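> File name data-v1.pdb; file contents PDB, C-alpha atoms and all ligand atoms; full text below.
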```pdb
ATOM      1  CA  MET A   1     -15.238   0.307  10.712
ATOM      2  CA  THR A   2     -12.811  -1.057   8.091
ATOM      3  CA  GLU A   3     -11.598   0.971   5.113
ATOM      4  CA  THR A   4     -13.465  -1.278   2.643
ATOM      5  CA  LYS A   5     -16.762  -0.851   4.456
ATOM      6  CA  ILE A   6     -16.293   2.916   4.498
ATOM      7  CA  GLY A   7     -15.373   2.874   0.781
ATOM      8  CA  ALA A   8     -18.572   0.985  -0.058
ATOM      9  CA  LYS A   9     -20.629   3.566   1.792
ATOM     10  CA  ILE A  10     -19.188   6.612   0.054
ATOM     11  CA  ILE A  11     -21.072   7.723  -3.037
ATOM     12  CA  ASP A  12     -18.395   8.643  -5.558
ATOM     13  CA  GLY A  13     -19.836  11.807  -7.108
ATOM     14  CA  LYS A  14     -16.521  12.612  -8.745
ATOM     15  CA  GLY A  15     -16.392   9.271 -10.575
ATOM     16  CA  PHE A  16     -20.105   9.394 -11.445
ATOM     17  CA  ALA A  17     -19.681  12.917 -12.849
ATOM     18  CA  ALA A  18     -16.688  11.813 -14.957
ATOM     19  CA  LYS A  19     -18.842   9.096 -16.553
ATOM     20  CA  LEU A  20     -21.675  11.551 -17.252
ATOM     21  CA  ARG A  21     -19.206  14.041 -18.767
ATOM     22  CA  ALA A  22     -17.813  11.265 -20.979
ATOM     23  CA  ARG A  23     -21.323  10.516 -22.314
ATOM     24  CA  VAL A  24     -21.950  14.233 -22.906
ATOM     25  CA  THR A  25     -18.579  14.525 -24.700
ATOM     26  CA  THR A  26     -19.453  11.601 -27.008
ATOM     27  CA  GLU A  27     -22.871  13.043 -27.872
ATOM     28  CA  THR A  28     -21.377  16.528 -28.362
ATOM     29  CA  ALA A  29     -18.916  15.104 -30.898
ATOM     30  CA  ARG A  30     -21.807  13.315 -32.636
ATOM     31  CA  LEU A  31     -23.814  16.546 -32.818
ATOM     32  CA  LYS A  32     -20.867  18.260 -34.465
ATOM     33  CA  THR A  33     -20.207  15.448 -36.950
ATOM     34  CA  ASP A  34     -23.835  14.808 -37.901
ATOM     35  CA  HIS A  35     -25.229  18.357 -37.798
ATOM     36  CA  GLY A  36     -22.253  20.762 -37.679
ATOM     37  CA  ILE A  37     -23.465  22.175 -34.346
ATOM     38  CA  VAL A  38     -21.163  22.964 -31.421
ATOM     39  CA  PRO A  39     -23.107  23.644 -28.200
ATOM     40  CA  GLY A  40     -22.206  27.014 -26.661
ATOM     41  CA  LEU A  41     -22.489  27.852 -22.964
ATOM     42  CA  ALA A  42     -22.258  31.459 -21.755
ATOM     43  CA  ALA A  43     -21.510  31.741 -18.040
ATOM     44  CA  VAL A  44     -21.837  35.334 -16.851
ATOM     45  CA  LEU A  45     -20.075  36.389 -13.672
ATOM     46  CA  VAL A  46     -20.572  39.832 -12.147
ATOM     47  CA  GLY A  47     -17.816  40.892  -9.769
ATOM     48  CA  LYS A  48     -14.946  39.022  -8.189
ATOM     49  CA  ASP A  49     -16.438  36.818  -5.468
ATOM     50  CA  LEU A  50     -13.710  34.217  -4.923
ATOM     51  CA  ALA A  51     -15.950  31.130  -4.662
ATOM     52  CA  SER A  52     -17.942  32.211  -7.742
ATOM     53  CA  GLN A  53     -14.719  32.775  -9.699
ATOM     54  CA  VAL A  54     -13.582  29.232  -8.885
ATOM     55  CA  TYR A  55     -16.957  27.746  -9.925
ATOM     56  CA  VAL A  56     -17.039  29.684 -13.198
ATOM     57  CA  ARG A  57     -13.417  28.795 -14.021
ATOM     58  CA  ASN A  58     -14.200  25.087 -13.459
ATOM     59  CA  LYS A  59     -17.356  25.357 -15.551
ATOM     60  CA  ASN A  60     -15.502  27.057 -18.408
ATOM     61  CA  LYS A  61     -12.716  24.449 -18.406
ATOM     62  CA  GLN A  62     -15.088  21.481 -18.342
ATOM     63  CA  THR A  63     -17.234  23.043 -21.093
ATOM     64  CA  VAL A  64     -14.201  23.197 -23.377
ATOM     65  CA  ASP A  65     -13.037  19.706 -22.322
ATOM     66  CA  ALA A  66     -16.462  18.341 -23.385
ATOM     67  CA  GLY A  67     -15.984  19.821 -26.872
ATOM     68  CA  MET A  68     -18.370  22.757 -26.359
ATOM     69  CA  ASN A  69     -17.763  26.473 -26.802
ATOM     70  CA  SER A  70     -17.322  28.450 -23.600
ATOM     71  CA  LEU A  71     -18.553  31.969 -24.243
ATOM     72  CA  GLY A  72     -18.472  33.274 -20.686
ATOM     73  CA  GLU A  73     -17.959  36.843 -19.590
ATOM     74  CA  THR A  74     -16.910  38.594 -16.407
ATOM     75  CA  LEU A  75     -18.493  41.993 -15.778
ATOM     76  CA  PRO A  76     -17.331  44.594 -13.221
ATOM     77  CA  VAL A  77     -18.814  44.477  -9.707
ATOM     78  CA  ASP A  78     -20.568  47.854 -10.237
ATOM     79  CA  THR A  79     -22.415  46.698 -13.389
ATOM     80  CA  SER A  80     -25.991  48.055 -13.368
ATOM     81  CA  GLY A  81     -29.048  45.842 -13.675
ATOM     82  CA  LYS A  82     -29.802  47.587 -16.984
ATOM     83  CA  ASP A  83     -26.376  46.734 -18.408
ATOM     84  CA  LEU A  84     -26.656  43.107 -17.310
ATOM     85  CA  LEU A  85     -30.114  42.858 -18.915
ATOM     86  CA  ALA A  86     -28.657  44.283 -22.146
ATOM     87  CA  GLU A  87     -25.939  41.609 -22.033
ATOM     88  CA  ILE A  88     -28.545  38.883 -21.544
ATOM     89  CA  ASP A  89     -30.548  40.245 -24.469
ATOM     90  CA  LYS A  90     -27.444  39.875 -26.652
ATOM     91  CA  LEU A  91     -26.887  36.277 -25.512
ATOM     92  CA  ASN A  92     -30.605  35.441 -25.967
ATOM     93  CA  THR A  93     -30.405  36.314 -29.662
ATOM     94  CA  ASP A  94     -26.922  34.907 -30.383
ATOM     95  CA  PRO A  95     -27.415  31.606 -32.271
ATOM     96  CA  ALA A  96     -23.986  30.357 -31.108
ATOM     97  CA  VAL A  97     -25.189  30.501 -27.477
ATOM     98  CA  HIS A  98     -27.410  27.577 -26.484
ATOM     99  CA  GLY A  99     -27.089  27.883 -22.713
ATOM    100  CA  ILE A 100     -26.940  30.961 -20.465
ATOM    101  CA  LEU A 101     -25.975  30.863 -16.814
ATOM    102  CA  VAL A 102     -25.738  33.953 -14.618
ATOM    103  CA  GLN A 103     -23.700  33.078 -11.557
ATOM    104  CA  LEU A 104     -25.527  33.771  -8.279
ATOM    105  CA  PRO A 105     -25.406  35.589  -5.927
ATOM    106  CA  LEU A 106     -25.378  38.903  -7.797
ATOM    107  CA  PRO A 107     -24.186  42.240  -6.312
ATOM    108  CA  ASP A 108     -26.863  44.063  -4.276
ATOM    109  CA  GLN A 109     -27.707  46.687  -6.930
ATOM    110  CA  ILE A 110     -28.999  43.972  -9.302
ATOM    111  CA  ASP A 111     -32.415  42.332  -8.866
ATOM    112  CA  PRO A 112     -31.771  38.605  -9.453
ATOM    113  CA  HIS A 113     -35.438  37.909 -10.290
ATOM    114  CA  ALA A 114     -35.436  40.464 -13.104
ATOM    115  CA  VAL A 115     -32.270  38.850 -14.477
ATOM    116  CA  ILE A 116     -33.582  35.287 -14.326
ATOM    117  CA  ASP A 117     -36.892  36.392 -15.878
ATOM    118  CA  ALA A 118     -34.967  37.940 -18.791
ATOM    119  CA  ILE A 119     -33.179  34.737 -19.833
ATOM    120  CA  ASN A 120     -34.762  32.933 -22.789
ATOM    121  CA  PRO A 121     -36.301  29.862 -21.051
ATOM    122  CA  ALA A 122     -35.013  27.626 -23.883
ATOM    123  CA  LYS A 123     -31.452  28.728 -22.996
ATOM    124  CA  ASP A 124     -31.989  28.642 -19.212
ATOM    125  CA  VAL A 125     -29.661  25.712 -18.470
ATOM    126  CA  ASP A 126     -29.933  26.444 -14.720
ATOM    127  CA  GLY A 127     -33.691  25.774 -14.836
ATOM    128  CA  PHE A 128     -34.366  28.903 -12.733
ATOM    129  CA  HIS A 129     -36.785  30.750 -15.096
ATOM    130  CA  LEU A 130     -40.430  30.770 -13.952
ATOM    131  CA  ARG A 131     -41.415  28.800 -17.042
ATOM    132  CA  ASN A 132     -38.987  25.987 -16.213
ATOM    133  CA  VAL A 133     -39.959  26.089 -12.516
ATOM    134  CA  GLY A 134     -43.611  25.680 -13.561
ATOM    135  CA  LEU A 135     -42.867  22.902 -16.034
ATOM    136  CA  LEU A 136     -40.972  20.957 -13.343
ATOM    137  CA  ALA A 137     -43.752  21.478 -10.782
ATOM    138  CA  THR A 138     -46.351  20.176 -13.228
ATOM    139  CA  ARG A 139     -44.175  17.312 -14.545
ATOM    140  CA  ARG A 140     -44.112  18.664 -18.069
ATOM    141  CA  GLY A 141     -40.374  18.597 -18.761
ATOM    142  CA  GLY A 142     -38.314  21.772 -19.125
ATOM    143  CA  MET A 143     -34.784  22.447 -17.933
ATOM    144  CA  VAL A 144     -34.090  20.856 -14.542
ATOM    145  CA  PRO A 145     -31.791  22.668 -12.045
ATOM    146  CA  CYS A 146     -28.351  21.062 -12.092
ATOM    147  CA  THR A 147     -27.625  20.423  -8.403
ATOM    148  CA  PRO A 148     -30.892  18.596  -7.578
ATOM    149  CA  LEU A 149     -30.706  16.702 -10.879
ATOM    150  CA  GLY A 150     -27.219  15.456  -9.960
ATOM    151  CA  CYS A 151     -28.487  14.416  -6.515
ATOM    152  CA  LEU A 152     -31.399  12.483  -8.057
ATOM    153  CA  MET A 153     -29.081  10.686 -10.482
ATOM    154  CA  MET A 154     -26.821   9.536  -7.637
ATOM    155  CA  LEU A 155     -29.814   8.425  -5.542
ATOM    156  CA  GLU A 156     -31.326   6.382  -8.368
ATOM    157  CA  ASP A 157     -27.950   4.865  -9.183
ATOM    158  CA  ARG A 158     -27.518   3.798  -5.551
ATOM    159  CA  LEU A 159     -31.070   2.816  -4.638
ATOM    160  CA  GLY A 160     -32.843   2.046  -7.926
ATOM    161  CA  ASP A 161     -36.586   2.733  -7.690
ATOM    162  CA  LEU A 162     -37.256   5.353  -4.987
ATOM    163  CA  THR A 163     -41.003   4.648  -4.742
ATOM    164  CA  GLY A 164     -42.415   4.890  -1.225
ATOM    165  CA  LEU A 165     -39.215   6.095   0.443
ATOM    166  CA  ASN A 166     -39.369   8.914   2.981
ATOM    167  CA  ALA A 167     -37.244  11.800   1.730
ATOM    168  CA  VAL A 168     -36.367  14.745   3.958
ATOM    169  CA  ILE A 169     -34.759  17.810   2.411
ATOM    170  CA  VAL A 170     -33.213  20.270   4.834
ATOM    171  CA  GLY A 171     -33.198  23.622   3.046
ATOM    172  CA  ARG A 172     -35.869  25.460   1.038
ATOM    173  CA  SER A 173     -33.867  27.411  -1.541
ATOM    174  CA  ASN A 174     -35.105  27.958  -5.091
ATOM    175  CA  ILE A 175     -31.800  26.535  -6.392
ATOM    176  CA  VAL A 176     -31.758  23.247  -4.458
ATOM    177  CA  GLY A 177     -34.418  22.542  -1.805
ATOM    178  CA  LYS A 178     -37.609  23.261  -3.750
ATOM    179  CA  PRO A 179     -36.631  21.665  -7.101
ATOM    180  CA  MET A 180     -35.176  18.678  -5.197
ATOM    181  CA  ALA A 181     -38.592  18.210  -3.570
ATOM    182  CA  GLN A 182     -40.303  18.270  -6.979
ATOM    183  CA  LEU A 183     -37.908  15.684  -8.396
ATOM    184  CA  LEU A 184     -38.284  13.332  -5.421
ATOM    185  CA  LEU A 185     -42.084  13.723  -5.507
ATOM    186  CA  SER A 186     -42.029  12.770  -9.184
ATOM    187  CA  ALA A 187     -39.933   9.744  -8.198
ATOM    188  CA  ASN A 188     -42.795   8.706  -5.845
ATOM    189  CA  CYS A 189     -41.069   9.564  -2.558
ATOM    190  CA  THR A 190     -42.983  10.962   0.403
ATOM    191  CA  VAL A 191     -41.305  14.341   0.709
ATOM    192  CA  THR A 192     -40.758  16.667   3.661
ATOM    193  CA  ILE A 193     -39.041  20.027   3.253
ATOM    194  CA  ALA A 194     -37.475  21.069   6.540
ATOM    195  CA  HIS A 195     -35.443  24.201   7.248
ATOM    196  CA  SER A 196     -33.693  26.204   9.948
ATOM    197  CA  ARG A 197     -37.045  27.053  11.632
ATOM    198  CA  THR A 198     -38.434  23.502  11.622
ATOM    199  CA  ALA A 199     -39.528  22.274  15.056
ATOM    200  CA  ASP A 200     -37.570  19.235  16.259
ATOM    201  CA  LEU A 201     -35.370  18.978  13.193
ATOM    202  CA  PRO A 202     -33.436  15.957  14.548
ATOM    203  CA  ALA A 203     -36.677  13.924  14.802
ATOM    204  CA  ILE A 204     -37.739  14.892  11.254
ATOM    205  CA  CYS A 205     -34.317  13.901   9.928
ATOM    206  CA  GLN A 206     -34.497  10.574  11.790
ATOM    207  CA  SER A 207     -37.594   9.667   9.730
ATOM    208  CA  ALA A 208     -35.666   9.942   6.449
ATOM    209  CA  ASP A 209     -34.697   7.029   4.227
ATOM    210  CA  ILE A 210     -33.197   9.731   1.998
ATOM    211  CA  LEU A 211     -31.744  12.816   3.662
ATOM    212  CA  VAL A 212     -30.691  15.751   1.481
ATOM    213  CA  ALA A 213     -28.800  18.416   3.410
ATOM    214  CA  ALA A 214     -28.826  21.829   1.725
ATOM    215  CA  VAL A 215     -28.858  24.438   4.488
ATOM    216  CA  GLY A 216     -25.387  25.950   4.136
ATOM    217  CA  ARG A 217     -24.433  25.453   7.788
ATOM    218  CA  PRO A 218     -21.190  23.571   8.424
ATOM    219  CA  GLN A 219     -21.709  20.084   9.905
ATOM    220  CA  MET A 220     -25.105  21.024  11.327
ATOM    221  CA  ILE A 221     -26.622  17.572  10.813
ATOM    222  CA  LYS A 222     -25.242  15.239  13.442
ATOM    223  CA  GLY A 223     -24.725  11.504  13.250
ATOM    224  CA  ASP A 224     -27.551  10.718  15.682
ATOM    225  CA  TRP A 225     -30.029  12.659  13.506
ATOM    226  CA  ILE A 226     -29.606  10.009  10.828
ATOM    227  CA  LYS A 227     -31.720   6.875  10.556
ATOM    228  CA  PRO A 228     -29.463   3.790  10.452
ATOM    229  CA  GLY A 229     -28.965   2.748   6.820
ATOM    230  CA  ALA A 230     -30.290   6.016   5.344
ATOM    231  CA  THR A 231     -28.833   7.468   2.150
ATOM    232  CA  VAL A 232     -27.398  10.920   2.824
ATOM    233  CA  ILE A 233     -26.750  13.525   0.129
ATOM    234  CA  ASP A 234     -24.701  16.459   1.384
ATOM    235  CA  VAL A 235     -25.106  19.537  -0.813
ATOM    236  CA  GLY A 236     -23.261  21.880   1.581
ATOM    237  CA  ILE A 237     -19.932  23.413   0.631
ATOM    238  CA  ASN A 238     -18.681  25.382   3.643
ATOM    239  CA  ARG A 239     -15.190  26.739   4.143
ATOM    240  CA  VAL A 240     -14.018  26.450   7.781
ATOM    241  CA  PRO A 241     -10.673  26.952   9.553
ATOM    242  CA  ALA A 242      -8.424  23.874   9.306
ATOM    243  CA  ALA A 243      -6.345  22.400  12.146
ATOM    244  CA  GLU A 244      -3.246  23.964  10.633
ATOM    245  CA  GLU A 245      -2.951  27.649  11.488
ATOM    246  CA  GLY A 246      -4.086  29.996   8.703
ATOM    247  CA  LYS A 247      -5.437  27.177   6.486
ATOM    248  CA  THR A 248      -9.052  26.400   5.600
ATOM    249  CA  ARG A 249     -10.869  23.242   4.499
ATOM    250  CA  LEU A 250     -14.212  22.403   2.934
ATOM    251  CA  VAL A 251     -16.923  20.635   4.930
ATOM    252  CA  GLY A 252     -20.531  19.801   4.157
ATOM    253  CA  ASP A 253     -23.753  20.403   6.091
ATOM    254  CA  VAL A 254     -23.461  16.921   7.619
ATOM    255  CA  ALA A 255     -20.985  15.887  10.344
ATOM    256  CA  PHE A 256     -19.397  13.330   8.007
ATOM    257  CA  ASP A 257     -17.215  11.515  10.568
ATOM    258  CA  GLU A 258     -20.282  10.783  12.708
ATOM    259  CA  ALA A 259     -22.642  10.062   9.803
ATOM    260  CA  ILE A 260     -20.377   7.530   8.089
ATOM    261  CA  ASP A 261     -20.932   5.006  10.922
ATOM    262  CA  ILE A 262     -24.724   5.275  10.744
ATOM    263  CA  ALA A 263     -25.741   6.054   7.158
ATOM    264  CA  GLY A 264     -26.107   3.325   4.530
ATOM    265  CA  ALA A 265     -24.396   5.609   2.038
ATOM    266  CA  ILE A 266     -23.221   9.217   1.973
ATOM    267  CA  THR A 267     -21.730  11.728  -0.461
ATOM    268  CA  PRO A 268     -18.403  13.244   0.635
ATOM    269  CA  VAL A 269     -17.484  16.942   0.561
ATOM    270  CA  PRO A 270     -15.617  17.642  -1.622
ATOM    271  CA  GLY A 271     -16.071  15.009  -4.343
ATOM    272  CA  GLY A 272     -19.801  14.340  -3.983
ATOM    273  CA  VAL A 273     -22.521  16.662  -5.241
ATOM    274  CA  GLY A 274     -20.199  19.449  -6.519
ATOM    275  CA  PRO A 275     -18.772  17.630  -9.573
ATOM    276  CA  MET A 276     -22.249  16.360 -10.505
ATOM    277  CA  THR A 277     -23.603  19.921 -10.695
ATOM    278  CA  ILE A 278     -21.186  20.898 -13.462
ATOM    279  CA  ALA A 279     -21.668  17.587 -15.308
ATOM    280  CA  CYS A 280     -25.460  18.202 -15.284
ATOM    281  CA  LEU A 281     -24.900  21.737 -16.565
ATOM    282  CA  LEU A 282     -23.047  20.307 -19.579
ATOM    283  CA  ARG A 283     -25.855  17.779 -20.056
ATOM    284  CA  ASN A 284     -28.460  20.563 -20.011
ATOM    285  CA  THR A 285     -26.415  22.614 -22.502
ATOM    286  CA  LEU A 286     -26.245  19.660 -24.907
ATOM    287  CA  ILE A 287     -30.009  19.122 -24.556
ATOM    288  CA  ALA A 288     -30.654  22.851 -25.133
ATOM    289  CA  ALA A 289     -28.515  22.806 -28.297
ATOM    290  CA  CYS A 290     -30.483  19.821 -29.657
ATOM    291  CA  GLN A 291     -33.874  21.317 -28.815
ATOM    292  CA  GLN A 292     -33.027  24.690 -30.355
ATOM    293  CA  ASN A 293     -32.150  22.913 -33.606
ATOM    294  CA  ASP A 294     -35.088  20.443 -33.670
ATOM    295  CA  ILE A 295     -32.751  17.489 -33.222
ATOM    296  CA  ASP A 296     -33.737  14.424 -31.185
ATOM    297  CA  VAL A 297     -32.298  14.662 -27.669
ATOM    298  CA  PRO A 298     -29.881  11.798 -26.905
ATOM    299  CA  ASP A 299     -30.580   9.612 -23.885
ATOM    300  CA  ILE A 300     -27.843  10.703 -21.456
TER     301      ILE A 300
HETATM  302  N1  LIG A 401     -24.652  29.748  -7.357
HETATM  303  C1  LIG A 401     -24.589  28.626  -6.597
HETATM  304  N2  LIG A 401     -25.088  27.566  -7.272
HETATM  305  C2  LIG A 401     -25.475  28.032  -8.475
HETATM  306  C3  LIG A 401     -26.062  27.406  -9.616
HETATM  307  O1  LIG A 401     -26.349  26.211  -9.657
HETATM  308  N3  LIG A 401     -26.299  28.241 -10.684
HETATM  309  C4  LIG A 401     -26.003  29.563 -10.654
HETATM  310  N4  LIG A 401     -26.297  30.283 -11.740
HETATM  311  N5  LIG A 401     -25.461  30.167  -9.611
HETATM  312  C5  LIG A 401     -25.206  29.396  -8.533
END
```
Could the structure of this file be written out as C-alpha cells, please?


Amino acid sequence: MTETKIGAKIIDGKGFAAKLRARVTTETARLKTDHGIVPGLAAVLVGKDLASQVYVRNKNKQTVDAGMNSLGETLPVDTSGKDLLAEIDKLNTDPAVHGILVQLPLPDQIDPHAVIDAINPAKDVDGFHLRNVGLLATRRGGMVPCTPLGCLMMLEDRLGDLTGLNAVIVGRSNIVGKPMAQLLLSANCTVTIAHSRTADLPAICQSADILVAAVGRPQMIKGDWIKPGATVIDVGINRVPAAEEGKTRLVGDVAFDEAIDIAGAITPVPGGVGPMTIACLLRNTLIAACQQNDIDVPDI
C-alpha cells in the first residue's frame, strides 16, 4: 500500500485534539472576559506510578495552556482513604475548583468506589460518579467520560451519522467499555460488548463496522479479525520491549501493521485516542465551570 493511502486511513487523533483544545481555549478566554471566571481543574495523584505521573503532568500542562487554573496535588503513596476523602471534601467546596479528577488506579488501601462516590457530581469531569453514570445510561446528559467521548467524536467526524452500524467494543471497563457502549447506543448503533472471556472473539470482531479495542492486551486484535473497511479505534496503551536492547515502545490493543491493510480507518498508538482524552477533559472542565455559574454552555 502507498504512503498516501496509509495516510488517508489513519485517524489523526493528535490533530483532532489540537483543534478541540483550540476551541476550548477560545471559549475559556471568553468566559474570563465576559464573566471573570477562570475554570479550575484539580487532578489528584496518589503515589508515584510512572504512567500516572506522565498522564497527570500532561494534563496539568495542557490545562494551563488552555488558560485554565491547574490546581492538582500529589499525595504520598501511603495516604489513607480517610485523608483522601478529606482532600476531596476540600476541593468539593472550593469555588475556584470546577473539575476534580482522581487519577486511577489508586493504591490498594484506598477504596476507589468510596472516592468516586465522594466527588461532587457537578465537578466530576471524569463522569465516573454514579449520578453521571445513571444520567448517561438514561440519556439525560451529565458529565461524559473523556476517553469514550473522544472516541465518539473521532467516529462521527470520520463516518458522519452512525445509525444502523454494528459496533463491537472489546473491553467492559467502567472507564471505557461500558460508557462507550452507552454512547454508541445513543448514536443508534447496534452494540456488542465483548471481553477476554467472549466465545469466538475473532468472529464477533469480524461483524463490526466499528471496532473499539479497550482490553489492555498488546496487539491482541489481529488483522484477520477485522472486517474489510471497518473503522478501528484503538484505546490500548501498552508498553512493550522495543527491538533495540533495553528500550521500550508503546503499542495498542490492535496489531496495527496487519490492521492497516484491512481497516477502512484506524487510530494509531500513540497519537490517536490518548490526546483526545485530555482534550475532552478540558472540554468537560469548561462545561462544568459554566454550569456551576449558571452560564450557557458553549457549543464545543
Ligand atoms: N486512569 C486511566 N484513565 C483514566 C481516566 O480517564 N481518568 C482517571 N481519573 N484515571 C484514569

> Could you give me the axis-aligned bounding box of ligand LIG 401 (chain A), with 8 Å of padding per side, as centre plus edge lengths in Å to one decimal, as AutoDock Vina command-line options?


```
--center_x -25.5 --center_y 28.2 --center_z -9.2 --size_x 17.8 --size_y 20.1 --size_z 21.1
```

> Contacts of A:Asp299 at 10 Å or less, counting only C-alpha atoms, minus same-chain residues fewer than 3 places along, as a ChimeraX atom specification?

/A:23-24,27,287,296

> I need the residue nearest A:Ile262 from this list: A:Thr231, A:Asn174, A:Gln53, A:Gln291. Use all atoms listed in the file for the distance.

A:Thr231

> Given all atoms listed in the file as the basis, pick out the residue of A:Ile233, A:Ile266, A:Val56, A:Ile210 nearest to ligand LIG 401 (chain A).

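Ranked by minimum distance to ligand LIG 401 (chain A), first place goes to A:Val56.
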
> Would you kindly identify which residues have an atom no farther than 12 Å from (-28.1, 32.6, -14.2), using all atoms listed in the file and the file's own coordinates, and write them out as an MDAnalysis selection string?

chainID A and resid 41:46 56 72 84:85 88 91 99:106 111:121 123:129 145:146 175 281
